[in-house]
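Text of the file model-v4.pdb, holding PDB, C-alpha atoms, pLDDT in the B column:
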```pdb
ATOM      1  CA  MET Y   1     108.790 -79.693 -61.904  1.00 34.00           C
ATOM      2  CA  LEU Y   2     108.837 -77.625 -58.705  1.00 35.00           C
ATOM      3  CA  LYS Y   3     107.213 -74.229 -58.802  1.00 38.00           C
ATOM      4  CA  SER Y   4     108.875 -71.195 -57.310  1.00 36.00           C
ATOM      5  CA  SER Y   5     106.108 -70.437 -54.852  1.00 41.00           C
ATOM      6  CA  PHE Y   6     104.761 -72.443 -51.917  1.00 41.00           C
ATOM      7  CA  TRP Y   7     101.232 -71.532 -52.950  1.00 39.00           C
ATOM      8  CA  SER Y   8     101.710 -72.970 -56.408  1.00 42.00           C
ATOM      9  CA  LEU Y   9     102.589 -76.496 -55.301  1.00 45.00           C
ATOM     10  CA  PRO Y  10     101.778 -78.837 -58.130  1.00 41.00           C
ATOM     11  CA  LEU Y  11      98.429 -80.505 -57.619  1.00 37.00           C
ATOM     12  CA  ALA Y  12      99.911 -83.864 -58.434  1.00 37.00           C
ATOM     13  CA  CYS Y  13     102.372 -83.673 -55.547  1.00 41.00           C
ATOM     14  CA  LEU Y  14     100.215 -85.751 -53.218  1.00 42.00           C
ATOM     15  CA  MET Y  15      97.689 -87.143 -55.635  1.00 41.00           C
ATOM     16  CA  LEU Y  16      97.442 -90.866 -55.993  1.00 39.00           C
ATOM     17  CA  TYR Y  17     100.161 -92.137 -58.287  1.00 36.00           C
ATOM     18  CA  GLY Y  18      92.467 -79.973 -32.511  1.00 35.00           C
ATOM     19  CA  GLN Y  19      89.058 -79.950 -33.956  1.00 37.00           C
ATOM     20  CA  ASP Y  20      86.454 -77.545 -32.714  1.00 37.00           C
ATOM     21  CA  ALA Y  21      82.981 -78.363 -31.437  1.00 34.00           C
ATOM     22  CA  THR Y  22      81.248 -77.311 -34.639  1.00 37.00           C
ATOM     23  CA  THR Y  23      82.923 -80.019 -36.720  1.00 48.00           C
ATOM     24  CA  ARG Y  24      83.704 -82.834 -34.310  1.00 47.00           C
ATOM     25  CA  GLN Y  25      80.841 -84.817 -32.906  1.00 44.00           C
ATOM     26  CA  ALA Y  26      80.885 -86.057 -29.331  1.00 39.00           C
ATOM     27  CA  ASP Y  27      81.292 -89.725 -30.257  1.00 54.00           C
ATOM     28  CA  GLY Y  28      85.010 -89.917 -31.072  1.00 63.00           C
ATOM     29  CA  ASN Y  29      86.353 -89.709 -34.601  1.00 73.00           C
ATOM     30  CA  ARG Y  30      83.087 -88.694 -36.260  1.00 81.00           C
ATOM     31  CA  PHE Y  31      83.002 -85.398 -38.116  1.00 88.00           C
ATOM     32  CA  ARG Y  32      80.514 -83.382 -40.158  1.00 87.00           C
ATOM     33  CA  ARG Y  33      80.382 -80.192 -42.169  1.00 90.00           C
ATOM     34  CA  GLU Y  34      79.660 -76.831 -40.615  1.00 88.00           C
ATOM     35  CA  ALA Y  35      76.166 -75.334 -40.901  1.00 89.00           C
ATOM     36  CA  ALA Y  36      77.540 -72.402 -42.931  1.00 92.00           C
ATOM     37  CA  ALA Y  37      78.905 -74.797 -45.589  1.00 94.00           C
ATOM     38  CA  THR Y  38      76.123 -74.281 -48.128  1.00 95.00           C
ATOM     39  CA  LYS Y  39      77.994 -74.257 -51.461  1.00 96.00           C
ATOM     40  CA  ALA Y  40      78.204 -77.701 -53.077  1.00 97.00           C
ATOM     41  CA  ILE Y  41      81.098 -78.646 -55.350  1.00 97.00           C
ATOM     42  CA  ALA Y  42      80.709 -82.056 -56.981  1.00 97.00           C
ATOM     43  CA  ALA Y  43      83.766 -84.230 -57.501  1.00 97.00           C
ATOM     44  CA  ASP Y  44      84.462 -84.802 -61.199  1.00 96.00           C
ATOM     45  CA  PHE Y  45      84.866 -88.534 -60.636  1.00 95.00           C
ATOM     46  CA  GLY Y  46      83.006 -90.745 -58.191  1.00 93.00           C
ATOM     47  CA  ASP Y  47      80.074 -89.799 -56.031  1.00 95.00           C
ATOM     48  CA  ALA Y  48      81.157 -87.086 -53.603  1.00 96.00           C
ATOM     49  CA  THR Y  49      80.426 -83.448 -52.859  1.00 96.00           C
ATOM     50  CA  LEU Y  50      82.548 -80.886 -51.036  1.00 97.00           C
ATOM     51  CA  TRP Y  51      80.436 -78.413 -49.048  1.00 97.00           C
ATOM     52  CA  LEU Y  52      82.068 -75.058 -48.296  1.00 97.00           C
ATOM     53  CA  ASN Y  53      81.115 -71.749 -46.740  1.00 96.00           C
ATOM     54  CA  PRO Y  54      80.989 -69.433 -49.784  1.00 97.00           C
ATOM     55  CA  ALA Y  55      81.858 -66.421 -47.613  1.00 96.00           C
ATOM     56  CA  THR Y  56      85.204 -67.904 -46.517  1.00 96.00           C
ATOM     57  CA  TRP Y  57      86.373 -70.230 -49.326  1.00 97.00           C
ATOM     58  CA  LEU Y  58      87.052 -69.001 -52.851  1.00 96.00           C
ATOM     59  CA  GLU Y  59      87.701 -71.208 -55.862  1.00 95.00           C
ATOM     60  CA  TYR Y  60      91.222 -70.557 -57.095  1.00 92.00           C
ATOM     61  CA  SER Y  61      91.482 -72.887 -60.078  1.00 96.00           C
ATOM     62  CA  LYS Y  62      89.710 -75.824 -61.655  1.00 96.00           C
ATOM     63  CA  GLU Y  63      90.738 -78.521 -64.056  1.00 96.00           C
ATOM     64  CA  LEU Y  64      89.339 -81.970 -64.644  1.00 97.00           C
ATOM     65  CA  GLY Y  65      89.593 -83.877 -61.356  1.00 96.00           C
ATOM     66  CA  ALA Y  66      91.129 -81.020 -59.382  1.00 96.00           C
ATOM     67  CA  VAL Y  67      89.658 -77.943 -57.738  1.00 97.00           C
ATOM     68  CA  ARG Y  68      91.800 -75.591 -55.642  1.00 97.00           C
ATOM     69  CA  PHE Y  69      90.540 -73.117 -53.064  1.00 97.00           C
ATOM     70  CA  ASN Y  70      91.910 -70.238 -51.014  1.00 96.00           C
ATOM     71  CA  HIS Y  71      90.559 -69.263 -47.637  1.00 96.00           C
ATOM     72  CA  VAL Y  72      89.825 -65.537 -47.492  1.00 96.00           C
ATOM     73  CA  ASN Y  73      92.650 -65.211 -44.939  1.00 94.00           C
ATOM     74  CA  LYS Y  74      95.112 -66.291 -47.690  1.00 93.00           C
ATOM     75  CA  HIS Y  75      96.990 -68.483 -45.181  1.00 94.00           C
ATOM     76  CA  VAL Y  76      95.139 -71.749 -45.766  1.00 96.00           C
ATOM     77  CA  LEU Y  77      94.679 -73.427 -49.108  1.00 96.00           C
ATOM     78  CA  GLY Y  78      92.782 -76.544 -50.005  1.00 97.00           C
ATOM     79  CA  TRP Y  79      92.001 -78.835 -52.844  1.00 95.00           C
ATOM     80  CA  MET Y  80      89.705 -81.640 -53.816  1.00 97.00           C
ATOM     81  CA  LEU Y  81      91.215 -84.208 -56.147  1.00 95.00           C
ATOM     82  CA  SER Y  82      89.334 -87.078 -57.699  1.00 95.00           C
ATOM     83  CA  ASP Y  83      90.356 -89.592 -60.305  1.00 93.00           C
ATOM     84  CA  LYS Y  84      88.640 -92.488 -61.968  1.00 93.00           C
ATOM     85  CA  THR Y  85      91.138 -95.088 -60.820  1.00 90.00           C
ATOM     86  CA  ALA Y  86      88.935 -97.504 -58.935  1.00 88.00           C
ATOM     87  CA  GLY Y  87      89.550-100.275 -56.471  1.00 89.00           C
ATOM     88  CA  ILE Y  88      92.506 -98.933 -54.477  1.00 92.00           C
ATOM     89  CA  PRO Y  89      91.726 -99.641 -50.828  1.00 95.00           C
ATOM     90  CA  THR Y  90      91.611 -96.582 -48.603  1.00 94.00           C
ATOM     91  CA  SER Y  91      94.346 -98.074 -46.404  1.00 93.00           C
ATOM     92  CA  ALA Y  92      96.725 -98.263 -49.397  1.00 94.00           C
ATOM     93  CA  MET Y  93      96.414 -94.553 -50.003  1.00 93.00           C
ATOM     94  CA  LYS Y  94      98.687 -93.836 -47.029  1.00 95.00           C
ATOM     95  CA  ASP Y  95     101.730 -95.315 -48.757  1.00 94.00           C
ATOM     96  CA  ILE Y  96     100.824 -93.757 -52.082  1.00 89.00           C
ATOM     97  CA  ALA Y  97     100.423 -90.279 -50.536  1.00 93.00           C
ATOM     98  CA  LEU Y  98     103.771 -90.570 -48.743  1.00 96.00           C
ATOM     99  CA  ARG Y  99     105.569 -91.827 -51.851  1.00 93.00           C
ATOM    100  CA  ASN Y 100     104.198 -88.929 -53.887  1.00 87.00           C
ATOM    101  CA  SER Y 101     105.037 -86.421 -51.121  1.00 93.00           C
ATOM    102  CA  ARG Y 102     108.611 -87.651 -51.237  1.00 96.00           C
ATOM    103  CA  ARG Y 103     108.791 -86.630 -54.887  1.00 95.00           C
ATOM    104  CA  LEU Y 104     108.787 -83.048 -53.586  1.00 92.00           C
ATOM    105  CA  ASP Y 105     110.765 -83.671 -50.429  1.00 96.00           C
ATOM    106  CA  PRO Y 106     112.642 -86.942 -49.813  1.00 97.00           C
ATOM    107  CA  ASN Y 107     112.291 -86.267 -46.067  1.00 97.00           C
ATOM    108  CA  ALA Y 108     108.484 -85.865 -46.129  1.00 97.00           C
ATOM    109  CA  LYS Y 109     106.816 -87.765 -43.335  1.00 97.00           C
ATOM    110  CA  ILE Y 110     103.379 -88.674 -42.096  1.00 97.00           C
ATOM    111  CA  THR Y 111     102.933 -87.191 -38.634  1.00 97.00           C
ATOM    112  CA  ARG Y 112      99.425 -88.488 -37.986  1.00 96.00           C
ATOM    113  CA  ALA Y 113      97.266 -91.219 -39.489  1.00 96.00           C
ATOM    114  CA  GLU Y 114      93.876 -92.410 -38.295  1.00 95.00           C
ATOM    115  CA  ARG Y 115      90.513 -93.620 -39.489  1.00 94.00           C
ATOM    116  CA  ARG Y 116      87.659 -91.155 -39.169  1.00 94.00           C
ATOM    117  CA  VAL Y 117      84.004 -91.050 -40.077  1.00 93.00           C
ATOM    118  CA  VAL Y 118      82.988 -87.901 -41.945  1.00 93.00           C
ATOM    119  CA  SER Y 119      79.306 -87.342 -42.651  1.00 88.00           C
ATOM    120  CA  GLY Y 120      78.735 -91.044 -42.077  1.00 88.00           C
ATOM    121  CA  HIS Y 121      81.515 -92.394 -44.332  1.00 90.00           C
ATOM    122  CA  GLU Y 122      84.856 -93.852 -43.226  1.00 92.00           C
ATOM    123  CA  VAL Y 123      88.003 -92.152 -44.549  1.00 95.00           C
ATOM    124  CA  LEU Y 124      91.709 -92.110 -43.828  1.00 96.00           C
ATOM    125  CA  TYR Y 125      92.955 -88.919 -42.150  1.00 96.00           C
ATOM    126  CA  LEU Y 126      96.616 -88.034 -42.754  1.00 97.00           C
ATOM    127  CA  GLU Y 127      98.835 -85.177 -41.703  1.00 97.00           C
ATOM    128  CA  ILE Y 128     102.001 -84.849 -43.748  1.00 97.00           C
ATOM    129  CA  ILE Y 129     104.854 -82.436 -43.320  1.00 97.00           C
ATOM    130  CA  LEU Y 130     107.312 -81.628 -46.081  1.00 96.00           C
ATOM    131  CA  THR Y 131     109.594 -78.803 -47.066  1.00 96.00           C
ATOM    132  CA  GLN Y 132     109.488 -76.963 -50.358  1.00 93.00           C
ATOM    133  CA  ASN Y 133     111.649 -73.983 -51.218  1.00 93.00           C
ATOM    134  CA  SER Y 134     113.058 -74.077 -47.651  1.00 94.00           C
ATOM    135  CA  THR Y 135     109.544 -73.692 -46.216  1.00 96.00           C
ATOM    136  CA  PRO Y 136     108.021 -76.450 -44.052  1.00 97.00           C
ATOM    137  CA  ILE Y 137     104.433 -77.111 -45.094  1.00 96.00           C
ATOM    138  CA  ARG Y 138     101.851 -79.102 -43.171  1.00 97.00           C
ATOM    139  CA  PHE Y 139      99.015 -80.883 -44.948  1.00 96.00           C
ATOM    140  CA  ALA Y 140      95.910 -82.425 -43.376  1.00 97.00           C
ATOM    141  CA  GLY Y 141      93.303 -84.289 -45.315  1.00 97.00           C
ATOM    142  CA  TYR Y 142      90.981 -87.148 -45.991  1.00 97.00           C
ATOM    143  CA  TYR Y 143      91.657 -89.967 -48.424  1.00 96.00           C
ATOM    144  CA  HIS Y 144      89.082 -92.408 -49.760  1.00 96.00           C
ATOM    145  CA  GLY Y 145      89.519 -95.329 -52.125  1.00 94.00           C
ATOM    146  CA  GLY Y 146      86.202 -96.076 -53.775  1.00 94.00           C
ATOM    147  CA  VAL Y 147      84.714 -98.678 -56.054  1.00 95.00           C
ATOM    148  CA  LYS Y 148      84.507 -96.102 -58.894  1.00 94.00           C
ATOM    149  CA  SER Y 149      87.162 -93.518 -58.007  1.00 94.00           C
ATOM    150  CA  ASN Y 150      89.693 -92.207 -55.540  1.00 94.00           C
ATOM    151  CA  LEU Y 151      89.207 -88.984 -53.623  1.00 95.00           C
ATOM    152  CA  GLN Y 152      91.455 -86.651 -51.696  1.00 95.00           C
ATOM    153  CA  VAL Y 153      90.403 -83.526 -49.789  1.00 97.00           C
ATOM    154  CA  VAL Y 154      93.382 -81.694 -48.326  1.00 97.00           C
ATOM    155  CA  ALA Y 155      94.103 -78.322 -46.730  1.00 97.00           C
ATOM    156  CA  TYR Y 156      97.545 -76.935 -46.009  1.00 96.00           C
ATOM    157  CA  ALA Y 157      99.444 -74.026 -44.540  1.00 96.00           C
ATOM    158  CA  ILE Y 158     102.961 -73.101 -43.575  1.00 96.00           C
ATOM    159  CA  ALA Y 159     103.857 -75.527 -40.777  1.00 96.00           C
ATOM    160  CA  ASP Y 160     104.591 -72.853 -38.163  1.00 96.00           C
ATOM    161  CA  GLU Y 161     101.151 -71.300 -38.754  1.00 95.00           C
ATOM    162  CA  PHE Y 162      99.149 -74.507 -39.062  1.00 96.00           C
ATOM    163  CA  GLU Y 163      97.957 -74.810 -35.450  1.00 95.00           C
ATOM    164  CA  GLY Y 164      96.632 -71.259 -35.547  1.00 95.00           C
ATOM    165  CA  PHE Y 165      94.550 -72.116 -38.610  1.00 95.00           C
ATOM    166  CA  GLN Y 166      93.345 -75.561 -37.492  1.00 94.00           C
ATOM    167  CA  LYS Y 167      89.713 -74.373 -37.438  1.00 93.00           C
ATOM    168  CA  GLN Y 168      89.887 -73.317 -41.099  1.00 95.00           C
ATOM    169  CA  VAL Y 169      91.624 -76.563 -42.084  1.00 95.00           C
ATOM    170  CA  ASN Y 170      88.921 -78.600 -40.355  1.00 94.00           C
ATOM    171  CA  GLU Y 171      86.180 -76.465 -41.855  1.00 95.00           C
ATOM    172  CA  PHE Y 172      87.495 -77.311 -45.313  1.00 96.00           C
ATOM    173  CA  ILE Y 173      88.180 -81.031 -45.014  1.00 97.00           C
ATOM    174  CA  ASN Y 174      85.090 -81.805 -42.931  1.00 96.00           C
ATOM    175  CA  GLY Y 175      82.937 -80.458 -45.749  1.00 96.00           C
ATOM    176  CA  ILE Y 176      83.333 -83.674 -47.749  1.00 96.00           C
ATOM    177  CA  GLU Y 177      80.310 -85.887 -48.270  1.00 96.00           C
ATOM    178  CA  ILE Y 178      81.051 -89.261 -49.858  1.00 96.00           C
ATOM    179  CA  ARG Y 179      78.253 -91.446 -51.196  1.00 95.00           C
ATOM    180  CA  GLU Y 180      80.381 -93.986 -53.076  1.00 94.00           C
ATOM    181  CA  ASP Y 181      81.135 -97.365 -51.510  1.00 93.00           C
ATOM    182  CA  SER Y 182      84.697 -98.005 -50.367  1.00 94.00           C
ATOM    183  CA  ALA Y 183      86.933-100.367 -52.300  1.00 93.00           C
ATOM    184  CA  ALA Y 184      87.439-103.696 -50.557  1.00 93.00           C
ATOM    185  CA  GLU Y 185      90.428-103.855 -48.245  1.00 89.00           C
ATOM    186  CA  LYS Y 186      92.936-106.530 -49.193  1.00 79.00           C
TER
END
```
Encoded form using structure tokens:
Amino acid sequence: MLKSSFWSLPLACLMLYGQDATTRQADGNRFRREAAATKAIAADFGDATLWLNPATWLEYSKELGAVRFNHVNKHVLGWMLSDKTAGIPTSAMKDIALRNSRRLDPNAKITRAERRVVSGHEVLYLEIILTQNSTPIRFAGYYHGGVKSNLQVVAYAIADEFEGFQKQVNEFINGIEIREDSAAEK
């Protein structure tokens, strides 16, 4: 069921079934959390922690496997989703994320996909654009298929405002620290 507000997008919508110098390291697609990210939020499933700056990110809601956050600017939102479905290769998560995005918008599309290393662990980075309630929304996030769980860390904003909030998006998603091994690629 679609909600009436952009900010209340259902958490399940994408669930399985320009960086700045402070987050991007000099050696290509390697990223790390910001020094101010001192609050640790453990994923409910798997072995991962999301590190956030407690002065800029506020927990909005929490349920088993899903934690939502608002940036203090109220223009960027983020979530960490984990589930105990194990063994899905990280590369397969691209198709799953797109298929689930198309449940909200049949015209949803992936605008960027690449492998990155975040805090020493390889993940899939996706940017997805979709429209809900006549409002284009741009998502950016990391996807990881693990041996014990699947993980998704995503931030989003209204598409026209996204570039202006890229620093906040990166601050959020680059806070992930994964310790679980990746599922084998098929």
Expressed in Å, the length from atom CA of Y:Asp44 to atom CA of Y:Leu124 is 20.2 Å
Worksheet entry | Selection result of the PyMOL selection byres ((chain Y and resi 170) around 12) on this file, as a PyMOL selection string | chain Y and resi 18-24+31-34+37+52+71+76-78+118+125+127+139-142+153-156+162-169+171-176
- Task: May I ask for the distance between atom CA of Y:Ser134 and atom CA of Y:Arg102, given in Å to one decimal place?
- Result: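 So the answer is 14.7 Å.
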Between atom CA of Y:Arg112 and atom CA of Y:Thr131 lies a distance of 16.7 Å
Nearest to Y:Met93, restricted to only C-alpha atoms and choosing among Y:Val123, Y:Arg30, Y:Gln132, Y:Asp160, comes out as Y:Val123
Residues matched by the PyMOL selection byres ((chain Y and resi 83) around 8) as number ranges by chain: Y: 44-46, 65, 81-82, 84-85, 149-151
*Identify the residues within 12 Å of coordinate (78.4, -64.6, -48.8) (same frame as the file), considering all atoms listed in the file, and give the answer as a PyMOL selection string.*
chain Y and resi 36-39+52-58+72
Review point. Can you tell me, as a list in words, what residues are no more than 12 Å from Y:Ala92 when counting only C-alpha atoms, ignoring any on the same chain fewer than 4 positions away?
Key: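 Counting only C-alpha atoms, the residues come to Leu16, Tyr17, Gly87, Ile88, Ile96, Ala97, Leu98, Arg99, Val123, Leu124, Tyr143, His144, Gly145, Gly146, Asn150, Ala183, Ala184, Glu185 and Lys186 of chain Y.
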Which residue is closest to Y:Tyr60? Choose from Y:Trp79, Y:Val147, Y:Ser119, Y:Pro89 and count all atoms listed in the file.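 Residue with the minimum atom-to-atom distance to Y:Tyr60: Y:Trp79.
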task = On this file, the PyMOL selection byres ((chain Y and resi 128) around 6) gives some set of residues; write that set as a list in words.
result =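 Selection result, ordered by chain and number: Lys109, Ile110, Thr111, Glu127, Ile129, Arg138 and Phe139 of chain Y.
Of the listed residues (Y:Val67, Y:Ile137, Y:Val117, Y:Ala35), Y:Val117 comes nearest to Y:Ile178; the distances count all atoms listed in the file.
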Once 8 Å is added on each side, what are the centre and the three edge lengths, in Å to one decimal, of the axis-aligned box enclosing the listed atoms of stretch 33-50 of chain Y? Present them as AutoDock Vina command-line options.
```
--center_x 80.5 --center_y -81.6 --center_z -50.9 --size_x 24.7 --size_y 34.3 --size_z 36.6
```
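Checking Y:His75, Y:Met80, Y:Glu122, Y:Leu104 one by one against Y:Ala157, counting only C-alpha atoms, you find the shortest gap at Y:His75.
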- Smallest atom-to-atom distance to Y:Glu177: which of Y:Ser91, Y:Gln152, Y:Thr49, Y:Asn29, using all atoms listed in the file?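 With all atoms listed in the file as the atom set, the closest residue is Y:Thr49.
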